[in-house]
Structures are given as C-alpha cells and as structure tokens.
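Data file: run_13.pdb. Format and content: PDB, N, CA and C atoms and all ligand atoms.
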ATOM      1  N   MET A  30      -1.010 -50.965  -2.871
ATOM      2  CA  MET A  30      -0.633 -49.556  -2.718
ATOM      3  C   MET A  30      -1.874 -48.667  -2.817
ATOM      4  N   ALA A  31      -2.043 -47.866  -1.868
ATOM      5  CA  ALA A  31      -3.241 -47.020  -1.819
ATOM      6  C   ALA A  31      -3.016 -45.749  -2.623
ATOM      7  N   TYR A  32      -4.023 -45.397  -3.365
ATOM      8  CA  TYR A  32      -3.939 -44.126  -4.080
ATOM      9  C   TYR A  32      -4.064 -42.973  -3.092
ATOM     10  N   LYS A  33      -3.346 -41.971  -3.395
ATOM     11  CA  LYS A  33      -3.453 -40.799  -2.532
ATOM     12  C   LYS A  33      -4.732 -40.052  -2.905
ATOM     13  N   ASN A  34      -5.548 -39.875  -1.976
ATOM     14  CA  ASN A  34      -6.785 -39.137  -2.230
ATOM     15  C   ASN A  34      -6.455 -37.653  -2.383
ATOM     16  N   PRO A  35      -6.811 -37.075  -3.539
ATOM     17  CA  PRO A  35      -6.473 -35.648  -3.728
ATOM     18  C   PRO A  35      -7.084 -34.756  -2.657
ATOM     19  N   ASN A  36      -8.148 -35.250  -2.049
ATOM     20  CA  ASN A  36      -8.770 -34.439  -0.995
ATOM     21  C   ASN A  36      -7.961 -34.438   0.289
ATOM     22  N   ASP A  37      -7.074 -35.452   0.405
ATOM     23  CA  ASP A  37      -6.263 -35.505   1.619
ATOM     24  C   ASP A  37      -5.431 -34.250   1.782
ATOM     25  N   GLN A  38      -4.868 -33.831   0.688
ATOM     26  CA  GLN A  38      -4.001 -32.665   0.713
ATOM     27  C   GLN A  38      -4.759 -31.436   1.223
ATOM     28  N   LYS A  39      -5.951 -31.258   0.635
ATOM     29  CA  LYS A  39      -6.783 -30.117   1.040
ATOM     30  C   LYS A  39      -7.108 -30.206   2.515
ATOM     31  N   ARG A  40      -7.477 -31.446   2.899
ATOM     32  CA  ARG A  40      -7.889 -31.624   4.284
ATOM     33  C   ARG A  40      -6.712 -31.328   5.218
ATOM     34  N   ASN A  41      -5.543 -31.798   4.785
ATOM     35  CA  ASN A  41      -4.362 -31.561   5.611
ATOM     36  C   ASN A  41      -4.069 -30.077   5.747
ATOM     37  N   SER A  42      -4.170 -29.376   4.647
ATOM     38  CA  SER A  42      -3.875 -27.948   4.674
ATOM     39  C   SER A  42      -4.871 -27.214   5.558
ATOM     40  N   ARG A  43      -6.137 -27.606   5.422
ATOM     41  CA  ARG A  43      -7.155 -26.961   6.242
ATOM     42  C   ARG A  43      -6.913 -27.289   7.718
ATOM     43  N   GLU A  44      -6.519 -28.555   7.920
ATOM     44  CA  GLU A  44      -6.216 -29.017   9.275
ATOM     45  C   GLU A  44      -5.076 -28.189   9.862
ATOM     46  N   TRP A  45      -4.068 -27.974   9.041
ATOM     47  CA  TRP A  45      -2.896 -27.231   9.491
ATOM     48  C   TRP A  45      -3.301 -25.806   9.872
ATOM     49  N   GLN A  46      -4.097 -25.215   8.988
ATOM     50  CA  GLN A  46      -4.537 -23.837   9.256
ATOM     51  C   GLN A  46      -5.343 -23.759  10.540
ATOM     52  N   ARG A  47      -6.204 -24.785  10.717
ATOM     53  CA  ARG A  47      -7.052 -24.782  11.904
ATOM     54  C   ARG A  47      -6.193 -24.909  13.156
ATOM     55  N   LYS A  48      -5.227 -25.841  13.094
ATOM     56  CA  LYS A  48      -4.347 -26.068  14.242
ATOM     57  C   LYS A  48      -3.486 -24.858  14.544
ATOM     58  N   ASN A  49      -3.087 -24.178  13.479
ATOM     59  CA  ASN A  49      -2.139 -23.075  13.662
ATOM     60  C   ASN A  49      -2.804 -21.703  13.589
ATOM     61  N   LYS A  50      -4.114 -21.713  13.657
ATOM     62  CA  LYS A  50      -4.857 -20.471  13.510
ATOM     63  C   LYS A  50      -4.390 -19.429  14.522
ATOM     64  N   ASP A  51      -4.231 -19.888  15.764
ATOM     65  CA  ASP A  51      -3.829 -18.956  16.811
ATOM     66  C   ASP A  51      -2.458 -18.362  16.510
ATOM     67  N   ARG A  52      -1.594 -19.249  16.046
ATOM     68  CA  ARG A  52      -0.237 -18.796  15.749
ATOM     69  C   ARG A  52      -0.257 -17.762  14.611
ATOM     70  N   VAL A  53      -1.013 -18.084  13.557
ATOM     71  CA  VAL A  53      -1.106 -17.179  12.406
ATOM     72  C   VAL A  53      -1.749 -15.860  12.815
ATOM     73  N   ASN A  54      -2.844 -15.959  13.545
ATOM     74  CA  ASN A  54      -3.543 -14.751  13.979
ATOM     75  C   ASN A  54      -2.680 -13.876  14.883
ATOM     76  N   ALA A  55      -1.963 -14.539  15.787
ATOM     77  CA  ALA A  55      -1.119 -13.797  16.722
ATOM     78  C   ALA A  55      -0.051 -13.018  15.968
ATOM     79  N   LYS A  56       0.494 -13.673  14.957
ATOM     80  CA  LYS A  56       1.539 -13.040  14.167
ATOM     81  C   LYS A  56       0.971 -11.823  13.419
ATOM     82  N   ASN A  57      -0.186 -12.015  12.805
ATOM     83  CA  ASN A  57      -0.831 -10.921  12.085
ATOM     84  C   ASN A  57      -1.184  -9.766  13.011
ATOM     85  N   LYS A  58      -1.695 -10.127  14.169
ATOM     86  CA  LYS A  58      -2.133  -9.109  15.114
ATOM     87  C   LYS A  58      -0.931  -8.287  15.586
ATOM     88  N   LYS A  59       0.155  -8.981  15.873
ATOM     89  CA  LYS A  59       1.362  -8.306  16.325
ATOM     90  C   LYS A  59       1.828  -7.307  15.271
ATOM     91  N   TRP A  60       1.801  -7.758  14.021
ATOM     92  CA  TRP A  60       2.255  -6.894  12.921
ATOM     93  C   TRP A  60       1.326  -5.702  12.766
ATOM     94  N   ARG A  61       0.031  -5.974  12.861
ATOM     95  CA  ARG A  61      -0.946  -4.892  12.704
ATOM     96  C   ARG A  61      -0.840  -3.876  13.835
ATOM     97  N   ASP A  62      -0.653  -4.397  15.049
ATOM     98  CA  ASP A  62      -0.532  -3.489  16.201
ATOM     99  C   ASP A  62       0.659  -2.560  16.014
ATOM    100  N   LYS A  63       1.738  -3.163  15.564
ATOM    101  CA  LYS A  63       2.972  -2.407  15.397
ATOM    102  C   LYS A  63       2.813  -1.348  14.300
ATOM    103  N   ASN A  64       2.061  -1.711  13.266
ATOM    104  CA  ASN A  64       1.953  -0.826  12.098
ATOM    105  C   ASN A  64       0.585  -0.162  11.963
ATOM    106  N   ARG A  65      -0.150  -0.188  13.048
ATOM    107  CA  ARG A  65      -1.530   0.299  13.014
ATOM    108  C   ARG A  65      -1.648   1.682  12.379
ATOM    109  N   LYS A  66      -0.765   2.535  12.828
ATOM    110  CA  LYS A  66      -0.770   3.919  12.350
ATOM    111  C   LYS A  66      -0.657   3.980  10.823
ATOM    112  N   TYR A  67       0.277   3.204  10.305
ATOM    113  CA  TYR A  67       0.527   3.236   8.866
ATOM    114  C   TYR A  67      -0.583   2.539   8.093
ATOM    115  N   ILE A  68      -1.056   1.437   8.676
ATOM    116  CA  ILE A  68      -2.110   0.681   7.993
ATOM    117  C   ILE A  68      -3.346   1.548   7.822
ATOM    118  N   ALA A  69      -3.697   2.275   8.876
ATOM    119  CA  ALA A  69      -4.890   3.120   8.814
ATOM    120  C   ALA A  69      -4.747   4.141   7.695
ATOM    121  N   VAL A  70      -3.596   4.775   7.642
ATOM    122  CA  VAL A  70      -3.364   5.791   6.616
ATOM    123  C   VAL A  70      -3.347   5.147   5.236
ATOM    124  N   TYR A  71      -2.634   4.035   5.153
ATOM    125  CA  TYR A  71      -2.504   3.369   3.865
ATOM    126  C   TYR A  71      -3.867   2.901   3.356
ATOM    127  N   ASP A  72      -4.648   2.296   4.242
ATOM    128  CA  ASP A  72      -5.972   1.822   3.842
ATOM    129  C   ASP A  72      -6.821   2.967   3.324
ATOM    130  N   LYS A  73      -6.718   4.075   4.030
ATOM    131  CA  LYS A  73      -7.525   5.226   3.659
ATOM    132  C   LYS A  73      -7.140   5.715   2.253
ATOM    133  N   ILE A  74      -5.837   5.843   2.039
ATOM    134  CA  ILE A  74      -5.362   6.307   0.734
ATOM    135  C   ILE A  74      -5.770   5.307  -0.338
ATOM    136  N   ARG A  75      -5.505   4.037  -0.050
ATOM    137  CA  ARG A  75      -5.766   3.008  -1.046
ATOM    138  C   ARG A  75      -7.251   2.958  -1.392
ATOM    139  N   ASN A  76      -8.074   3.073  -0.363
ATOM    140  CA  ASN A  76      -9.509   2.917  -0.602
ATOM    141  C   ASN A  76     -10.150   4.149  -1.219
ATOM    142  N   THR A  77      -9.564   5.285  -1.011
ATOM    143  CA  THR A  77     -10.211   6.475  -1.529
ATOM    144  C   THR A  77      -9.595   6.947  -2.833
ATOM    145  N   VAL A  78      -8.288   7.112  -2.840
ATOM    146  CA  VAL A  78      -7.669   7.771  -3.984
ATOM    147  C   VAL A  78      -7.175   6.792  -5.039
ATOM    148  N   PHE A  79      -6.373   5.817  -4.625
ATOM    149  CA  PHE A  79      -5.656   5.005  -5.593
ATOM    150  C   PHE A  79      -6.503   4.241  -6.604
ATOM    151  N   PRO A  80      -7.543   3.540  -6.173
ATOM    152  CA  PRO A  80      -8.237   2.726  -7.171
ATOM    153  C   PRO A  80      -8.756   3.556  -8.325
ATOM    154  N   GLU A  81      -9.272   4.720  -8.012
ATOM    155  CA  GLU A  81      -9.861   5.537  -9.067
ATOM    156  C   GLU A  81      -8.809   6.134  -9.979
ATOM    157  N   ILE A  82      -7.709   6.576  -9.376
ATOM    158  CA  ILE A  82      -6.652   7.153 -10.199
ATOM    159  C   ILE A  82      -6.021   6.068 -11.069
ATOM    160  N   LEU A  83      -5.758   4.918 -10.451
ATOM    161  CA  LEU A  83      -5.157   3.834 -11.226
ATOM    162  C   LEU A  83      -6.072   3.406 -12.352
ATOM    163  N   LYS A  84      -7.344   3.271 -12.029
ATOM    164  CA  LYS A  84      -8.326   2.850 -13.018
ATOM    165  C   LYS A  84      -8.393   3.894 -14.139
ATOM    166  N   ALA A  85      -8.439   5.136 -13.753
ATOM    167  CA  ALA A  85      -8.547   6.212 -14.734
ATOM    168  C   ALA A  85      -7.339   6.200 -15.661
ATOM    169  N   HIS A  86      -6.152   6.015 -15.089
ATOM    170  CA  HIS A  86      -4.957   6.040 -15.917
ATOM    171  C   HIS A  86      -4.861   4.799 -16.800
ATOM    172  N   ASN A  87      -5.349   3.662 -16.267
ATOM    173  CA  ASN A  87      -5.356   2.454 -17.088
ATOM    174  C   ASN A  87      -6.269   2.625 -18.277
ATOM    175  N   VAL A  88      -7.391   3.243 -18.036
ATOM    176  CA  VAL A  88      -8.337   3.480 -19.127
ATOM    177  C   VAL A  88      -7.732   4.465 -20.119
ATOM    178  N   ALA A  89      -7.147   5.526 -19.585
ATOM    179  CA  ALA A  89      -6.617   6.587 -20.441
ATOM    180  C   ALA A  89      -5.524   6.052 -21.362
ATOM    181  N   ARG A  90      -4.773   5.083 -20.875
ATOM    182  CA  ARG A  90      -3.676   4.547 -21.668
ATOM    183  C   ARG A  90      -4.187   3.960 -22.983
ATOM    184  N   TYR A  91      -5.405   3.429 -22.938
ATOM    185  CA  TYR A  91      -5.928   2.770 -24.123
ATOM    186  C   TYR A  91      -6.788   3.683 -24.987
ATOM    187  N   ILE A  92      -6.981   4.876 -24.506
ATOM    188  CA  ILE A  92      -7.769   5.816 -25.301
ATOM    189  C   ILE A  92      -6.812   6.758 -26.001
ATOM    190  N   LYS A  93      -6.870   6.740 -27.315
ATOM    191  CA  LYS A  93      -5.982   7.629 -28.067
ATOM    192  C   LYS A  93      -6.670   8.964 -28.299
ATOM    193  N   ILE A  94      -5.873   9.988 -28.325
ATOM    194  CA  ILE A  94      -6.430  11.298 -28.660
ATOM    195  C   ILE A  94      -6.798  11.269 -30.143
ATOM    196  N   PRO A  95      -8.047  11.502 -30.471
ATOM    197  CA  PRO A  95      -8.464  11.418 -31.878
ATOM    198  C   PRO A  95      -7.745  12.449 -32.736
ATOM    199  N   LYS A  96      -7.531  12.064 -33.984
ATOM    200  CA  LYS A  96      -6.905  12.979 -34.929
ATOM    201  C   LYS A  96      -7.766  14.223 -35.083
ATOM    202  N   ASN A  97      -7.129  15.334 -35.375
ATOM    203  CA  ASN A  97      -7.837  16.605 -35.580
ATOM    204  C   ASN A  97      -8.547  17.104 -34.324
ATOM    205  N   SER A  98      -8.116  16.591 -33.153
ATOM    206  CA  SER A  98      -8.701  17.104 -31.915
ATOM    207  C   SER A  98      -8.155  18.489 -31.640
ATOM    208  N   ILE A  99      -8.909  19.231 -30.868
ATOM    209  CA  ILE A  99      -8.432  20.542 -30.422
ATOM    210  C   ILE A  99      -8.667  20.654 -28.921
ATOM    211  N   CYS A 100      -7.913  21.529 -28.303
ATOM    212  CA  CYS A 100      -8.056  21.761 -26.871
ATOM    213  C   CYS A 100      -9.489  22.241 -26.573
ATOM    214  N   GLU A 101     -10.078  21.633 -25.549
ATOM    215  CA  GLU A 101     -11.467  21.978 -25.239
ATOM    216  C   GLU A 101     -11.591  23.364 -24.602
ATOM    217  N   ILE A 102     -10.453  23.908 -24.162
ATOM    218  CA  ILE A 102     -10.527  25.232 -23.541
ATOM    219  C   ILE A 102     -10.191  26.335 -24.538
ATOM    220  N   CYS A 103      -9.017  26.209 -25.218
ATOM    221  CA  CYS A 103      -8.588  27.326 -26.063
ATOM    222  C   CYS A 103      -8.659  27.017 -27.559
ATOM    223  N   GLY A 104      -8.915  25.737 -27.891
ATOM    224  CA  GLY A 104      -9.054  25.393 -29.301
ATOM    225  C   GLY A 104      -7.746  25.124 -30.023
ATOM    226  N   SER A 105      -6.636  25.109 -29.297
ATOM    227  CA  SER A 105      -5.349  24.846 -29.935
ATOM    228  C   SER A 105      -5.234  23.374 -30.338
ATOM    229  N   PRO A 106      -4.655  23.094 -31.528
ATOM    230  CA  PRO A 106      -4.465  21.708 -31.943
ATOM    231  C   PRO A 106      -3.121  21.128 -31.502
ATOM    232  N   ASN A 107      -2.318  21.917 -30.790
ATOM    233  CA  ASN A 107      -0.950  21.499 -30.463
ATOM    234  C   ASN A 107      -0.805  20.982 -29.027
ATOM    235  N   ASN A 108       0.159  20.036 -28.863
ATOM    236  CA  ASN A 108       0.504  19.498 -27.546
ATOM    237  C   ASN A 108      -0.715  19.053 -26.741
ATOM    238  N   LEU A 109      -1.546  18.251 -27.376
ATOM    239  CA  LEU A 109      -2.766  17.829 -26.689
ATOM    240  C   LEU A 109      -2.485  16.717 -25.680
ATOM    241  N   GLU A 110      -3.201  16.787 -24.584
ATOM    242  CA  GLU A 110      -3.065  15.788 -23.526
ATOM    243  C   GLU A 110      -4.442  15.378 -23.047
ATOM    244  N   LYS A 111      -4.451  14.225 -22.346
ATOM    245  CA  LYS A 111      -5.726  13.744 -21.814
ATOM    246  C   LYS A 111      -5.864  14.185 -20.361
ATOM    247  N   HIS A 112      -7.021  14.675 -20.035
ATOM    248  CA  HIS A 112      -7.269  15.105 -18.665
ATOM    249  C   HIS A 112      -8.511  14.413 -18.122
ATOM    250  N   HIS A 113      -8.425  14.025 -16.841
ATOM    251  CA  HIS A 113      -9.575  13.410 -16.172
ATOM    252  C   HIS A 113     -10.233  14.442 -15.271
ATOM    253  N   PRO A 114     -11.354  14.998 -15.698
ATOM    254  CA  PRO A 114     -12.024  15.966 -14.832
ATOM    255  C   PRO A 114     -12.611  15.294 -13.591
ATOM    256  N   ASP A 115     -12.897  13.991 -13.687
ATOM    257  CA  ASP A 115     -13.526  13.308 -12.563
ATOM    258  C   ASP A 115     -13.009  11.875 -12.501
ATOM    259  N   TYR A 116     -12.209  11.577 -11.488
ATOM    260  CA  TYR A 116     -11.599  10.250 -11.402
ATOM    261  C   TYR A 116     -12.616   9.152 -11.123
ATOM    262  N   SER A 117     -13.772   9.523 -10.628
ATOM    263  CA  SER A 117     -14.760   8.480 -10.358
ATOM    264  C   SER A 117     -15.409   8.021 -11.662
ATOM    265  N   ASP A 118     -15.143   8.766 -12.727
ATOM    266  CA  ASP A 118     -15.624   8.340 -14.043
ATOM    267  C   ASP A 118     -14.443   8.283 -14.999
ATOM    268  N   PRO A 119     -13.710   7.144 -15.002
ATOM    269  CA  PRO A 119     -12.456   7.069 -15.775
ATOM    270  C   PRO A 119     -12.653   7.206 -17.272
ATOM    271  N   TYR A 120     -13.870   7.029 -17.741
ATOM    272  CA  TYR A 120     -14.094   7.141 -19.177
ATOM    273  C   TYR A 120     -14.348   8.575 -19.610
ATOM    274  N   LEU A 121     -14.471   9.424 -18.620
ATOM    275  CA  LEU A 121     -14.683  10.833 -18.925
ATOM    276  C   LEU A 121     -13.317  11.486 -19.088
ATOM    277  N   ILE A 122     -12.974  11.795 -20.316
ATOM    278  CA  ILE A 122     -11.658  12.361 -20.592
ATOM    279  C   ILE A 122     -11.805  13.632 -21.406
ATOM    280  N   GLN A 123     -11.088  14.654 -20.996
ATOM    281  CA  GLN A 123     -11.077  15.893 -21.755
ATOM    282  C   GLN A 123      -9.761  15.989 -22.516
ATOM    283  N   ILE A 124      -9.839  16.504 -23.711
ATOM    284  CA  ILE A 124      -8.630  16.766 -24.482
ATOM    285  C   ILE A 124      -8.260  18.228 -24.268
ATOM    286  N   LEU A 125      -7.076  18.407 -23.728
ATOM    287  CA  LEU A 125      -6.622  19.775 -23.456
ATOM    288  C   LEU A 125      -5.208  19.947 -23.967
ATOM    289  N   CYS A 126      -4.865  21.152 -24.363
ATOM    290  CA  CYS A 126      -3.476  21.397 -24.734
ATOM    291  C   CYS A 126      -2.645  21.483 -23.455
ATOM    292  N   LYS A 127      -1.338  21.339 -23.619
ATOM    293  CA  LYS A 127      -0.451  21.282 -22.462
ATOM    294  C   LYS A 127      -0.594  22.523 -21.575
ATOM    295  N   ASP A 128      -0.679  23.673 -22.220
ATOM    296  CA  ASP A 128      -0.786  24.924 -21.463
ATOM    297  C   ASP A 128      -2.045  24.958 -20.600
ATOM    298  N   CYS A 129      -3.181  24.662 -21.241
ATOM    299  CA  CYS A 129      -4.441  24.705 -20.512
ATOM    300  C   CYS A 129      -4.475  23.623 -19.436
ATOM    301  N   HIS A 130      -3.909  22.470 -19.765
ATOM    302  CA  HIS A 130      -3.882  21.362 -18.823
ATOM    303  C   HIS A 130      -3.107  21.754 -17.565
ATOM    304  N   THR A 131      -1.920  22.318 -17.811
ATOM    305  CA  THR A 131      -1.089  22.740 -16.687
ATOM    306  C   THR A 131      -1.801  23.799 -15.856
ATOM    307  N   ARG A 132      -2.399  24.754 -16.562
ATOM    308  CA  ARG A 132      -3.097  25.837 -15.869
ATOM    309  C   ARG A 132      -4.249  25.288 -15.033
ATOM    310  N   LEU A 133      -4.971  24.350 -15.626
ATOM    311  CA  LEU A 133      -6.113  23.755 -14.934
ATOM    312  C   LEU A 133      -5.669  23.074 -13.639
ATOM    313  N   HIS A 134      -4.539  22.349 -13.730
ATOM    314  CA  HIS A 134      -4.072  21.636 -12.547
ATOM    315  C   HIS A 134      -3.532  22.578 -11.499
ATOM    316  N   LYS A 135      -2.997  23.685 -11.932
ATOM    317  CA  LYS A 135      -2.531  24.670 -10.951
ATOM    318  C   LYS A 135      -3.716  25.244 -10.211
ATOM    319  N   LEU A 136      -4.832  25.380 -10.908
ATOM    320  CA  LEU A 136      -6.048  25.868 -10.255
ATOM    321  C   LEU A 136      -6.605  24.829  -9.294
ATOM    322  N   LYS A 137      -6.596  23.587  -9.769
ATOM    323  CA  LYS A 137      -7.230  22.530  -8.975
ATOM    324  C   LYS A 137      -6.284  21.899  -7.965
ATOM    325  N   GLU A 138      -5.004  21.809  -8.332
ATOM    326  CA  GLU A 138      -3.988  21.189  -7.472
ATOM    327  C   GLU A 138      -4.287  19.739  -7.138
ATOM    328  N   ILE A 139      -4.949  19.050  -8.042
ATOM    329  CA  ILE A 139      -5.201  17.623  -7.774
ATOM    330  C   ILE A 139      -5.050  16.816  -9.050
ATOM    331  N   GLY A 140      -4.837  15.530  -8.849
ATOM    332  CA  GLY A 140      -4.855  14.578  -9.946
ATOM    333  C   GLY A 140      -3.826  14.817 -11.009
ATOM    334  N   LYS A 141      -4.029  14.199 -12.137
ATOM    335  CA  LYS A 141      -3.129  14.379 -13.266
ATOM    336  C   LYS A 141      -3.925  14.241 -14.542
TER     337      LYS A 141
HETATM  338 ZN    ZN B 201      -5.660  24.937 -24.538
HETATM  339 ZN    ZN B 202      -5.356  16.468 -16.050
END
Please rewrite the model in this file as structure tokens.
Ligand SMILES: [Zn+2]
Ligand SMILES: [Zn+2]
Amino acid sequence: MAYKNPNDQKRNSREWQRKNKDRVNAKNKKWRDKNRKYIAVYDKIRNTVFPEILKAHNVARYIKIPKNSICEICGSPNNLEKHHPDYSDPYLIQILCKDCHTRLHKLKEIGK
C-alpha cells in the first residue's frame, strides 16, 4: 500500500486551479463587469475612508478617558467623550464634553 504523498494534494489543487483558471477568471470577470460601477465606488470608500475610521475606533475602544479629565475646549468635567481630530492618526484623541463634541462635528460635518 502506497502512502499518500501530502504534496499530491497540493499538486492536485494547483493543477485544478491551473486547468480551471479560464473558468474561474471568466466568472470573476463577468461579476466584475456587471458590478463595475459599485466596485469602483466601494473600493474608493474602502481604501480611503474605512480603514482609518475603523482603525481609529478600534484604538479608541481600548483607550479609557482618564479620571479627572476635562473638556479640552470648555473645561467641563461632565459627559466627556473621545474625539478623533485626525483619522490618519488613530492614537490622537481629544477629550471633549458632549456639547463641544457635538458642536465641533456640526462645524466639521465629518467623522465621529
Ligand atoms: Zn466642552
Ligand atoms: Zn469626534
């Protein structure tokens, strides 16, 4: 009885992909052609906005507002929230009270 060579499996899979490359590519191409409009928009959003916002929010989740913090704008110690002045730097976080935070976003109309 011959042992099954573990490389056989890999080779077979690669073989399959090679043989069916046209089929796989054709299927992908058809889907992309059909959804080209959406893919372009989605790629743009994903590549520009999402990674930084997601990263910033992931970082923010683990950063606690230090005790005895005050709002960086008005000095209030109440209803403090974390604000990202710059999403390209997720570690840059401002502590702002809810009022100032809301006001700031109304001025900027971006991010969270
Ligand atoms: Zn404030
Ligand atoms: Zn904010």
Backbone DSSP call of strand (DSSP E or B) for range 73-118 of chain A, listed as a list in words: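 Going through range 73-118 of chain A, the strand (DSSP E or B) residues come out as Leu109, Glu110, Lys111 and His112 of chain A.
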Alpha helix (DSSP H) residues, from DSSP on the backbone, in range 90-129 of chain A, as a PyMOL selection string: chain A and resi 90-91+127-129
d(CA of Arg47 in chain A, atom C of Trp60 in chain A) in Å: 20.9 Å
12 Å shell around ligand ZN 202 (chain B) using only C-alpha atoms and all ligand atoms, listed as a VMD selection string: chain A and resid 82 85 to 86 89 109 to 116 119 121 to 141
Distance filter 5 Å around ligand ZN 201 (chain B), atoms: only N, CA and C atoms and all ligand atoms, out as a PyMOL selection string: chain A and resi 100+102-105+126+129
